[in-house]
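Source file data14.txt; content: compact mmCIF, C-alpha atoms and all ligand atoms.
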```txt
# COMPACT_ATOMS: atom_id res chain seq x y z
CA ALA G 74 -12.71 7.31 22.06
CA ALA G 75 -10.75 4.28 20.90
CA ARG G 76 -8.34 2.59 23.30
CA GLN G 77 -4.91 4.20 22.90
CA ASP G 78 -3.12 0.88 22.37
CA LEU G 79 -0.82 2.31 19.69
CA ALA G 80 0.26 5.37 21.70
CA GLY G 81 3.75 6.45 20.66
CA VAL G 82 3.96 4.00 17.76
CA LYS G 83 5.21 5.50 14.51
CA VAL G 84 3.22 4.25 11.55
CA VAL G 85 3.71 4.89 7.83
CA VAL G 86 0.83 4.06 5.49
CA SER G 87 0.90 4.27 1.70
CA ALA G 88 -2.37 4.61 -0.17
CA GLY G 89 -3.92 5.08 -3.56
CA PRO G 90 -2.58 4.58 -7.07
CA THR G 91 0.55 5.93 -8.65
CA ARG G 92 0.63 7.79 -11.94
CA GLU G 93 3.37 7.07 -14.42
CA TYR G 94 3.46 9.89 -16.94
CA LEU G 95 4.12 9.16 -20.61
CA ASP G 96 4.09 12.87 -21.42
CA PRO G 97 2.81 15.95 -19.51
CA VAL G 98 -0.86 15.07 -20.07
CA ARG G 99 -0.98 11.27 -20.21
CA PHE G 100 -0.25 8.60 -17.67
CA ILE G 101 -0.60 4.92 -16.76
CA SER G 102 -2.48 4.29 -13.53
CA ASN G 103 -5.12 2.08 -11.89
CA PRO G 104 -8.51 2.55 -10.17
CA SER G 105 -7.28 2.50 -6.55
CA SER G 106 -9.46 4.88 -4.49
CA GLY G 107 -7.18 5.15 -1.45
CA LYS G 108 -10.04 4.16 0.87
CA MET G 109 -8.26 1.12 2.37
CA GLY G 110 -5.05 3.01 3.15
CA PHE G 111 -6.89 6.03 4.54
CA ALA G 112 -8.89 3.68 6.80
CA VAL G 113 -5.64 2.16 8.15
CA ALA G 114 -4.15 5.61 8.73
CA GLU G 115 -7.28 6.91 10.50
CA GLU G 116 -7.66 3.81 12.66
CA ALA G 117 -3.98 4.01 13.69
CA ARG G 118 -4.36 7.72 14.49
CA ASP G 119 -7.45 7.10 16.62
CA ARG G 120 -5.51 4.48 18.60
CA GLY G 121 -2.78 6.98 19.43
CA ALA G 122 -0.19 6.29 16.74
CA GLN G 123 1.90 9.00 15.12
CA VAL G 124 0.95 8.56 11.47
CA THR G 125 2.46 9.56 8.14
CA LEU G 126 0.13 8.90 5.22
CA VAL G 127 1.79 8.90 1.79
CA THR G 128 -0.87 8.94 -0.89
CA GLY G 129 -1.16 8.97 -4.65
CA PRO G 130 -3.86 11.04 -6.38
CA VAL G 131 -7.23 10.23 -4.79
CA ALA G 132 -10.49 12.12 -4.30
CA LEU G 133 -10.30 11.91 -0.49
CA PRO G 134 -9.44 15.00 1.60
CA ASP G 135 -6.40 15.02 3.91
CA PRO G 136 -7.32 13.40 7.22
CA VAL G 137 -6.62 15.56 10.26
CA GLY G 138 -4.17 14.60 12.98
CA MET G 139 -1.45 13.09 10.81
CA ASP G 140 1.25 14.06 8.33
CA VAL G 141 -0.04 13.70 4.79
CA VAL G 142 2.35 13.56 1.84
CA ARG G 143 0.81 13.73 -1.65
CA ILE G 144 2.82 12.11 -4.42
CA GLU G 145 2.17 11.00 -7.99
CA SER G 146 4.72 8.52 -9.31
CA ALA G 147 6.16 5.32 -7.85
CA LEU G 148 9.57 7.00 -7.63
CA GLU G 149 8.05 9.85 -5.59
CA LEU G 150 6.21 7.32 -3.43
CA ARG G 151 9.44 5.50 -2.78
CA ASP G 152 11.28 8.69 -1.73
CA ALA G 153 8.51 9.72 0.65
CA VAL G 154 8.00 6.25 2.16
CA VAL G 155 11.71 5.56 2.60
CA ARG G 156 12.21 8.95 4.27
CA ALA G 157 9.31 8.43 6.68
CA ALA G 158 10.12 4.74 7.27
CA GLY G 159 13.51 5.58 8.78
CA GLU G 160 11.89 6.19 12.15
CA ALA G 161 8.84 3.99 11.72
CA ASP G 162 7.82 0.99 13.82
CA LEU G 163 5.19 -0.18 11.36
CA VAL G 164 4.84 0.30 7.59
CA VAL G 165 1.62 -0.68 5.83
CA MET G 166 1.94 -0.64 2.04
CA THR G 167 -1.62 -0.29 0.81
CA ALA G 168 -0.69 1.70 -2.30
CA ALA G 169 -1.37 0.15 -5.70
CA VAL G 170 2.07 0.89 -7.09
CA ALA G 171 2.38 0.76 -10.89
CA ASP G 172 4.80 -2.01 -11.81
CA TYR G 173 6.24 -0.05 -14.75
CA ARG G 174 6.92 3.52 -15.79
CA ALA G 175 7.91 5.06 -19.13
CA ALA G 176 11.59 4.44 -19.80
CA SER G 177 11.79 8.10 -20.75
CA ALA G 178 8.75 10.33 -20.27
CA ALA G 179 8.39 12.98 -22.98
CA THR G 180 8.66 16.56 -21.72
CA GLU G 181 6.27 17.78 -24.41
CA LYS G 182 2.84 16.49 -25.36
CA GLN G 183 3.23 13.75 -27.95
CA ALA G 184 1.25 14.32 -31.16
CA LYS G 185 -0.93 11.59 -32.59
CA VAL G 186 0.73 9.64 -35.40
CA ALA G 187 -0.74 7.34 -38.01
CA GLY G 188 -0.72 3.67 -37.04
CA ASP G 189 0.49 1.80 -33.98
CA VAL G 190 2.85 3.23 -31.42
CA THR G 191 5.12 1.41 -29.02
CA ILE G 192 5.70 2.55 -25.45
CA HIS G 193 8.91 1.45 -23.82
CA LEU G 194 8.33 0.67 -20.11
CA THR G 195 10.88 0.00 -17.40
CA PRO G 196 10.19 -1.64 -14.02
CA ASN G 197 9.56 0.48 -10.95
CA PRO G 198 11.43 -0.32 -7.75
CA ASP G 199 9.56 -2.59 -5.34
CA ILE G 200 9.29 -0.37 -2.27
CA LEU G 201 8.09 -3.05 0.14
CA ALA G 202 10.89 -5.40 -0.96
CA GLU G 203 13.41 -2.59 -0.50
CA LEU G 204 12.18 -1.96 3.05
CA GLY G 205 12.25 -5.72 3.64
CA ARG G 206 15.93 -5.96 2.70
CA ASP G 207 16.85 -3.56 5.51
CA LYS G 208 14.02 -4.43 7.84
CA GLY G 209 15.53 -3.80 11.26
CA ARG G 210 12.85 -4.00 13.95
CA ARG G 211 10.13 -2.67 11.71
CA VAL G 212 6.93 -4.55 11.09
CA LEU G 213 6.06 -4.60 7.38
CA ILE G 214 2.61 -5.34 6.00
CA GLY G 215 1.57 -5.50 2.37
CA PHE G 216 -1.58 -5.92 0.34
CA ALA G 217 -1.92 -8.01 -2.78
CA MET G 218 -4.61 -8.31 -5.40
CA GLU G 219 -4.79 -11.59 -7.25
CA THR G 220 -7.27 -13.11 -9.64
CA HIS G 221 -6.04 -16.70 -9.17
CA ALA G 222 -3.81 -18.85 -6.92
CA GLY G 223 -4.11 -16.01 -4.44
CA VAL G 224 -2.89 -17.59 -1.20
CA GLU G 225 0.11 -19.27 -2.82
CA ARG G 226 1.14 -16.14 -4.68
CA ALA G 227 0.62 -13.89 -1.67
CA ALA G 228 2.70 -16.20 0.55
CA LEU G 229 5.53 -16.07 -2.00
CA LYS G 230 5.28 -12.28 -2.05
CA ALA G 231 5.38 -12.11 1.74
CA GLN G 232 8.51 -14.30 1.70
CA ARG G 233 10.22 -12.47 -1.12
CA LYS G 234 9.49 -9.02 0.31
CA ASN G 235 10.19 -10.03 3.94
CA ALA G 236 6.74 -8.84 5.03
CA ASN G 237 5.20 -10.04 8.30
CA PHE G 238 1.97 -10.74 6.46
CA ILE G 239 0.00 -9.76 3.41
CA LEU G 240 -3.69 -9.05 3.11
CA LEU G 241 -4.92 -10.62 -0.07
CA ASN G 242 -7.97 -9.18 -1.81
CA TYR G 243 -9.74 -9.87 -5.06
CA PRO G 244 -10.50 -7.33 -7.78
CA THR G 245 -13.41 -9.39 -9.03
CA ARG G 246 -15.74 -9.40 -6.02
CA ALA G 247 -18.41 -6.71 -6.29
CA GLY G 248 -18.30 -3.92 -3.72
CA THR G 249 -14.82 -4.83 -2.47
CA ALA G 250 -11.21 -3.84 -3.15
CA PHE G 251 -10.91 -1.05 -5.78
CA GLY G 252 -13.27 1.77 -4.89
CA GLY G 253 -15.60 -0.13 -2.57
CA ASP G 254 -16.35 0.68 1.06
CA ASN G 255 -16.00 -2.97 2.04
CA ASN G 256 -13.26 -5.49 1.60
CA GLU G 257 -13.00 -9.25 1.75
CA VAL G 258 -9.43 -10.17 2.60
CA THR G 259 -7.40 -13.21 3.50
CA LEU G 260 -4.45 -12.76 5.83
CA VAL G 261 -1.50 -14.69 4.37
CA ARG G 262 1.72 -15.34 6.24
CA PRO G 263 5.11 -16.07 4.66
CA ASP G 264 4.86 -19.71 5.81
CA GLY G 265 1.75 -20.13 3.66
CA THR G 266 -0.76 -20.27 6.51
CA SER G 267 -3.79 -18.09 5.95
CA GLN G 268 -7.02 -16.92 7.50
CA ALA G 269 -10.00 -15.68 5.48
CA TRP G 270 -11.88 -12.79 7.05
CA PRO G 271 -15.56 -12.18 6.30
CA ARG G 272 -16.68 -9.21 4.23
CA LEU G 273 -16.09 -6.18 6.43
CA SER G 274 -15.98 -2.41 6.12
CA LYS G 275 -12.53 -1.14 5.22
CA ARG G 276 -12.37 0.49 8.65
CA GLU G 277 -13.02 -2.88 10.31
CA VAL G 278 -10.35 -4.50 8.10
CA ALA G 279 -7.99 -1.75 9.26
CA ARG G 280 -8.89 -2.46 12.90
CA ARG G 281 -8.13 -6.17 12.53
CA LEU G 282 -4.94 -5.47 10.60
CA LEU G 283 -3.66 -3.31 13.45
CA ASP G 284 -4.80 -5.91 16.03
CA GLU G 285 -2.64 -8.46 14.19
CA ALA G 286 0.32 -6.09 13.83
CA ARG G 287 0.36 -4.80 17.40
CA PRO G 288 1.80 -7.90 19.15
CA LEU G 289 4.63 -7.91 16.58
CA LEU G 290 5.79 -4.44 17.60
CA PRO G 291 8.90 -4.59 19.78
CA VAL G 292 8.32 -1.06 21.08
CA LEU G 293 5.22 -2.07 23.01
CA SER G 294 5.13 -4.04 26.20
CA HIS G 295 1.98 -6.10 26.26
O1 LIG I 301 2.16 -5.49 -6.78
P1 LIG I 301 2.33 -6.56 -5.72
O2 LIG I 301 1.23 -7.57 -5.74
O3 LIG I 301 3.71 -7.16 -5.71
O4 LIG I 301 2.13 -5.76 -4.37
C1 LIG I 301 2.29 -6.40 -3.13
C2 LIG I 301 2.68 -5.37 -2.09
O5 LIG I 301 3.92 -4.75 -2.47
C3 LIG I 301 1.72 -4.23 -1.87
O6 LIG I 301 1.71 -3.97 -0.48
C4 LIG I 301 2.32 -3.06 -2.63
O7 LIG I 301 2.00 -1.82 -2.03
C5 LIG I 301 3.80 -3.35 -2.54
N1 LIG I 301 4.55 -2.86 -3.71
C6 LIG I 301 5.58 -1.96 -3.54
N2 LIG I 301 6.29 -1.51 -4.63
C7 LIG I 301 6.00 -1.96 -5.87
C8 LIG I 301 4.95 -2.88 -6.05
C9 LIG I 301 4.24 -3.32 -4.96
O8 LIG I 301 5.86 -1.57 -2.40
N3 LIG I 301 6.70 -1.51 -6.91
```
Would you mind giving the structure from this file in structure tokens?
Amino acid sequence: AARQDLAGVKVVVSAGPTREYLDPVRFISNPSSGKMGFAVAEEARDRGAQVTLVTGPVALPDPVGMDVVRIESALELRDAVVRAAGEADLVVMTAAVADYRAASAATEKQAKVAGDVTIHLTPNPDILAELGRDKGRRVLIGFAMETHAGVERAALKAQRKNANFILLNYPTRAGTAFGGDNNEVTLVRPDGTSQAWPRLSKREVARRLLDEARPLLPVLSH
């Protein structure tokens, strides 16, 4: 059994994609598999934490030994995360939240029309930034996917969202990030310092993430 070094710590993890419906049968989404977030939730559970996993639609079954909340849209994700985060010591936002949703989703299936159509999108709330504005003693960790200027952009995100650090990954490296069982991440702090980790299993990335987060938790005496 793993060392119980997170015993009594309340952890909220978000995972997977969100779905932003345009009408009852069509949505905007992304290829997030949920594997990274599930790995963080399972690693935290095995180290004794009390875990709430809030997940978008993914093919993975509910892990045992934690509260699992299934959601679809970014607005539902926000409700569930904010509710669970009230009591949390640590929030890890692994979810690939859609940046936009339909300004008004149709309640009936939209028929095909001749020619181009325009979809009016409106921005979703930034959940991590919202938690960062009222941070309290919570430790906040984000993920970011960038194709260029990764470290700089991730550091700015960590600053803007008041996150303790962000794990940067790349959508373009085979077998990592979206859908893969491995991940190649760089830990980026708000001050711009960073540390590249080798290619690791998502479970090992989760282990290191929690090793980095643990000393930041005020509830633990070390
Ligand atoms: O999309 P972005 O690169 O800004 O995501 C960085 C972090 O912010 C991720 O941890 C993601 O889960 C979180 N996020 C969020 N709400 C959004 C967009 C992103 O909490 N609307």
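A distance search around ligand LIG 301 (chain I) (7 Å at most, all atoms listed in the file) returns the following protein and nucleic acid residues: G:Ala147, G:Met166, G:Thr167, G:Ala168, G:Ala169, G:Val170, G:Ala171, G:Asp172, G:Asn197, G:Pro198, G:Asp199, G:Ile200, G:Leu201, G:Ala202, G:Ile214, G:Gly215, G:Phe216, G:Ala217, G:Met218, G:Lys230.
Nearest residue to G:Arg174 among G:Thr128, G:Asn256, G:Thr220, G:Thr91 is G:Thr91, counting only C-alpha atoms.
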Atomic separation - atom CA of G:Val86 relative to atom CA of G:Asn235, Å: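 A separation of 17.0 Å between them.
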Spatial neighbours of stretch 100-107 of chain G, max dist 6 Å, only C-alpha atoms, sep filter under 6 positions, as an mmCIF file with C-alpha atoms, in the coordinates of the input:
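Dumped everything to result_28.cif:
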```cif
data_model
loop_
_atom_site.group_PDB
_atom_site.id
_atom_site.type_symbol
_atom_site.label_atom_id
_atom_site.label_comp_id
_atom_site.auth_asym_id
_atom_site.auth_seq_id
_atom_site.Cartn_x
_atom_site.Cartn_y
_atom_site.Cartn_z
ATOM 1 C CA ALA G 88 -2.370 4.610 -0.170
ATOM 2 C CA GLY G 89 -3.920 5.080 -3.560
ATOM 3 C CA PRO G 90 -2.580 4.580 -7.070
ATOM 4 C CA THR G 91 0.550 5.930 -8.650
ATOM 5 C CA ARG G 92 0.630 7.790 -11.940
ATOM 6 C CA GLU G 93 3.370 7.070 -14.420
ATOM 7 C CA TYR G 94 3.460 9.890 -16.940
ATOM 8 C CA VAL G 131 -7.230 10.230 -4.790
ATOM 9 C CA PHE G 251 -10.910 -1.050 -5.780
ATOM 10 C CA GLY G 252 -13.270 1.770 -4.890
#
```
From G:Gly223, G:Pro196, G:Gly253, G:Gly81, residue lying nearest G:Leu273 [only C-alpha atoms]: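 Among the listed residues, the smallest separation from G:Leu273 belongs to G:Gly253.
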Neighbour list for G:Asp284 as a PyMOL selection string, cut-off 12 Å, only C-alpha atoms, skip fewer than 3 positions in-chain: chain G and resi 76+78-79+113+116-117+120+277-281+287-290
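Considering all atoms listed in the file, the residue among G:Asn242, G:Thr180, G:Thr191, G:Gln268 positioned nearest to G:Glu219 is G:Asn242.
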Around stretch 146-152 of chain G, fit a box with edges along x, y and z, padding it by 6 Å on each side, then list its centre and edge lengths in Å to one decimal as lines of an AutoDock Vina configuration file.
```
center_x = 8.0
center_y = 7.6
center_z = -5.5
size_x = 18.6
size_y = 16.5
size_z = 19.6
```
Given all atoms listed in the file as the counted atoms, nearest of G:Gly138, G:Gly110, G:Gly159, G:Pro130 to G:Gly209: G:Gly159
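Within 7 Å of the point (-0.9, 11.3, -1.1) in file coordinates, and counting all atoms listed in the file, lie the residues G:Ala88, G:Leu126, G:Val127, G:Thr128, G:Gly129, G:Pro130, G:Val141, G:Val142, G:Arg143, G:Ile144.
Counting from atom CA of G:Leu163, the distance to atom CA of G:Ala75 is 19.1 Å.
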For G:Ala222, the nearest of the candidates G:Trp270, G:Leu241, G:Gly188, G:Met139, counting all atoms listed in the file: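 Selected residue with least distance to G:Ala222: G:Leu241.
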From the coordinates I just gave you, please extract stretch 92-170 of chain G so that only C-alpha atoms remain, then output it as a PDB file, in the first residue's frame.
```
ATOM      1  CA  ARG G  92     -19.549  19.284 -24.091  1.00  0.00           C
ATOM      2  CA  GLU G  93     -21.169  22.492 -25.204  1.00  0.00           C
ATOM      3  CA  TYR G  94     -24.443  21.641 -26.894  1.00  0.00           C
ATOM      4  CA  LEU G  95     -25.572  23.560 -29.975  1.00  0.00           C
ATOM      5  CA  ASP G  96     -28.853  21.642 -30.047  1.00  0.00           C
ATOM      6  CA  PRO G  97     -30.002  18.376 -28.389  1.00  0.00           C
ATOM      7  CA  VAL G  98     -27.843  16.184 -30.643  1.00  0.00           C
ATOM      8  CA  ARG G  99     -24.787  18.291 -31.477  1.00  0.00           C
ATOM      9  CA  PHE G 100     -22.001  19.689 -29.386  1.00  0.00           C
ATOM     10  CA  ILE G 101     -18.541  21.270 -29.385  1.00  0.00           C
ATOM     11  CA  SER G 102     -15.930  19.300 -27.464  1.00  0.00           C
ATOM     12  CA  ASN G 103     -12.323  18.061 -27.558  1.00  0.00           C
ATOM     13  CA  PRO G 104     -10.496  14.700 -27.445  1.00  0.00           C
ATOM     14  CA  SER G 105      -9.621  14.701 -23.718  1.00  0.00           C
ATOM     15  CA  SER G 106      -9.747  11.094 -22.433  1.00  0.00           C
ATOM     16  CA  GLY G 107      -9.838  11.890 -18.712  1.00  0.00           C
ATOM     17  CA  LYS G 108      -6.844   9.605 -18.082  1.00  0.00           C
ATOM     18  CA  MET G 109      -4.636  12.311 -16.517  1.00  0.00           C
ATOM     19  CA  GLY G 110      -7.314  13.515 -14.090  1.00  0.00           C
ATOM     20  CA  PHE G 111      -8.364   9.990 -13.146  1.00  0.00           C
ATOM     21  CA  ALA G 112      -4.705   9.166 -12.435  1.00  0.00           C
ATOM     22  CA  VAL G 113      -4.437  12.187 -10.096  1.00  0.00           C
ATOM     23  CA  ALA G 114      -7.670  11.221  -8.325  1.00  0.00           C
ATOM     24  CA  GLU G 115      -6.607   7.571  -7.903  1.00  0.00           C
ATOM     25  CA  GLU G 116      -3.108   8.460  -6.704  1.00  0.00           C
ATOM     26  CA  ALA G 117      -4.550  10.917  -4.148  1.00  0.00           C
ATOM     27  CA  ARG G 118      -7.048   8.287  -2.963  1.00  0.00           C
ATOM     28  CA  ASP G 119      -4.317   5.671  -2.549  1.00  0.00           C
ATOM     29  CA  ARG G 120      -2.334   8.132  -0.410  1.00  0.00           C
ATOM     30  CA  GLY G 121      -5.266   8.598   1.957  1.00  0.00           C
ATOM     31  CA  ALA G 122      -6.931  11.734   0.590  1.00  0.00           C
ATOM     32  CA  GLN G 123     -10.684  12.250   0.550  1.00  0.00           C
ATOM     33  CA  VAL G 124     -11.298  12.747  -3.164  1.00  0.00           C
ATOM     34  CA  THR G 125     -14.071  14.259  -5.262  1.00  0.00           C
ATOM     35  CA  LEU G 126     -13.610  13.613  -8.977  1.00  0.00           C
ATOM     36  CA  VAL G 127     -15.682  15.829 -11.272  1.00  0.00           C
ATOM     37  CA  THR G 128     -15.534  14.474 -14.792  1.00  0.00           C
ATOM     38  CA  GLY G 129     -16.872  15.247 -18.230  1.00  0.00           C
ATOM     39  CA  PRO G 130     -17.977  12.443 -20.579  1.00  0.00           C
ATOM     40  CA  VAL G 131     -15.172   9.862 -20.792  1.00  0.00           C
ATOM     41  CA  ALA G 132     -15.023   6.122 -21.450  1.00  0.00           C
ATOM     42  CA  LEU G 133     -13.475   5.356 -18.043  1.00  0.00           C
ATOM     43  CA  PRO G 134     -15.537   3.693 -15.279  1.00  0.00           C
ATOM     44  CA  ASP G 135     -16.056   5.416 -11.913  1.00  0.00           C
ATOM     45  CA  PRO G 136     -13.053   4.729  -9.679  1.00  0.00           C
ATOM     46  CA  VAL G 137     -13.939   3.214  -6.306  1.00  0.00           C
ATOM     47  CA  GLY G 138     -13.239   4.926  -3.003  1.00  0.00           C
ATOM     48  CA  MET G 139     -14.095   8.483  -3.995  1.00  0.00           C
ATOM     49  CA  ASP G 140     -17.061  10.697  -4.833  1.00  0.00           C
ATOM     50  CA  VAL G 141     -17.547  10.860  -8.591  1.00  0.00           C
ATOM     51  CA  VAL G 142     -19.665  13.598 -10.171  1.00  0.00           C
ATOM     52  CA  ARG G 143     -20.438  13.250 -13.887  1.00  0.00           C
ATOM     53  CA  ILE G 144     -21.118  16.485 -15.741  1.00  0.00           C
ATOM     54  CA  GLU G 145     -21.310  17.579 -19.373  1.00  0.00           C
ATOM     55  CA  SER G 146     -20.982  21.323 -19.852  1.00  0.00           C
ATOM     56  CA  ALA G 147     -18.511  23.876 -18.496  1.00  0.00           C
ATOM     57  CA  LEU G 148     -21.324  25.501 -16.519  1.00  0.00           C
ATOM     58  CA  GLU G 149     -22.141  22.148 -14.884  1.00  0.00           C
ATOM     59  CA  LEU G 150     -18.438  21.576 -14.230  1.00  0.00           C
ATOM     60  CA  ARG G 151     -18.194  24.945 -12.558  1.00  0.00           C
ATOM     61  CA  ASP G 152     -21.187  24.266 -10.277  1.00  0.00           C
ATOM     62  CA  ALA G 153     -19.838  20.889  -9.197  1.00  0.00           C
ATOM     63  CA  VAL G 154     -16.238  22.061  -8.700  1.00  0.00           C
ATOM     64  CA  VAL G 155     -17.211  25.210  -6.806  1.00  0.00           C
ATOM     65  CA  ARG G 156     -19.515  23.212  -4.530  1.00  0.00           C
ATOM     66  CA  ALA G 157     -16.839  20.605  -3.757  1.00  0.00           C
ATOM     67  CA  ALA G 158     -14.030  23.178  -3.524  1.00  0.00           C
ATOM     68  CA  GLY G 159     -15.661  24.925  -0.563  1.00  0.00           C
ATOM     69  CA  GLU G 160     -14.119  22.397   1.804  1.00  0.00           C
ATOM     70  CA  ALA G 161     -11.127  21.407  -0.299  1.00  0.00           C
ATOM     71  CA  ASP G 162      -7.447  21.757   0.584  1.00  0.00           C
ATOM     72  CA  LEU G 163      -6.262  21.051  -2.938  1.00  0.00           C
ATOM     73  CA  VAL G 164      -7.938  21.528  -6.328  1.00  0.00           C
ATOM     74  CA  VAL G 165      -6.361  20.062  -9.459  1.00  0.00           C
ATOM     75  CA  MET G 166      -7.993  21.315 -12.660  1.00  0.00           C
ATOM     76  CA  THR G 167      -7.133  18.691 -15.239  1.00  0.00           C
ATOM     77  CA  ALA G 168     -10.350  19.121 -17.231  1.00  0.00           C
ATOM     78  CA  ALA G 169     -10.103  20.393 -20.800  1.00  0.00           C
ATOM     79  CA  VAL G 170     -12.797  23.020 -20.396  1.00  0.00           C
TER      80      VAL G 170
END
```
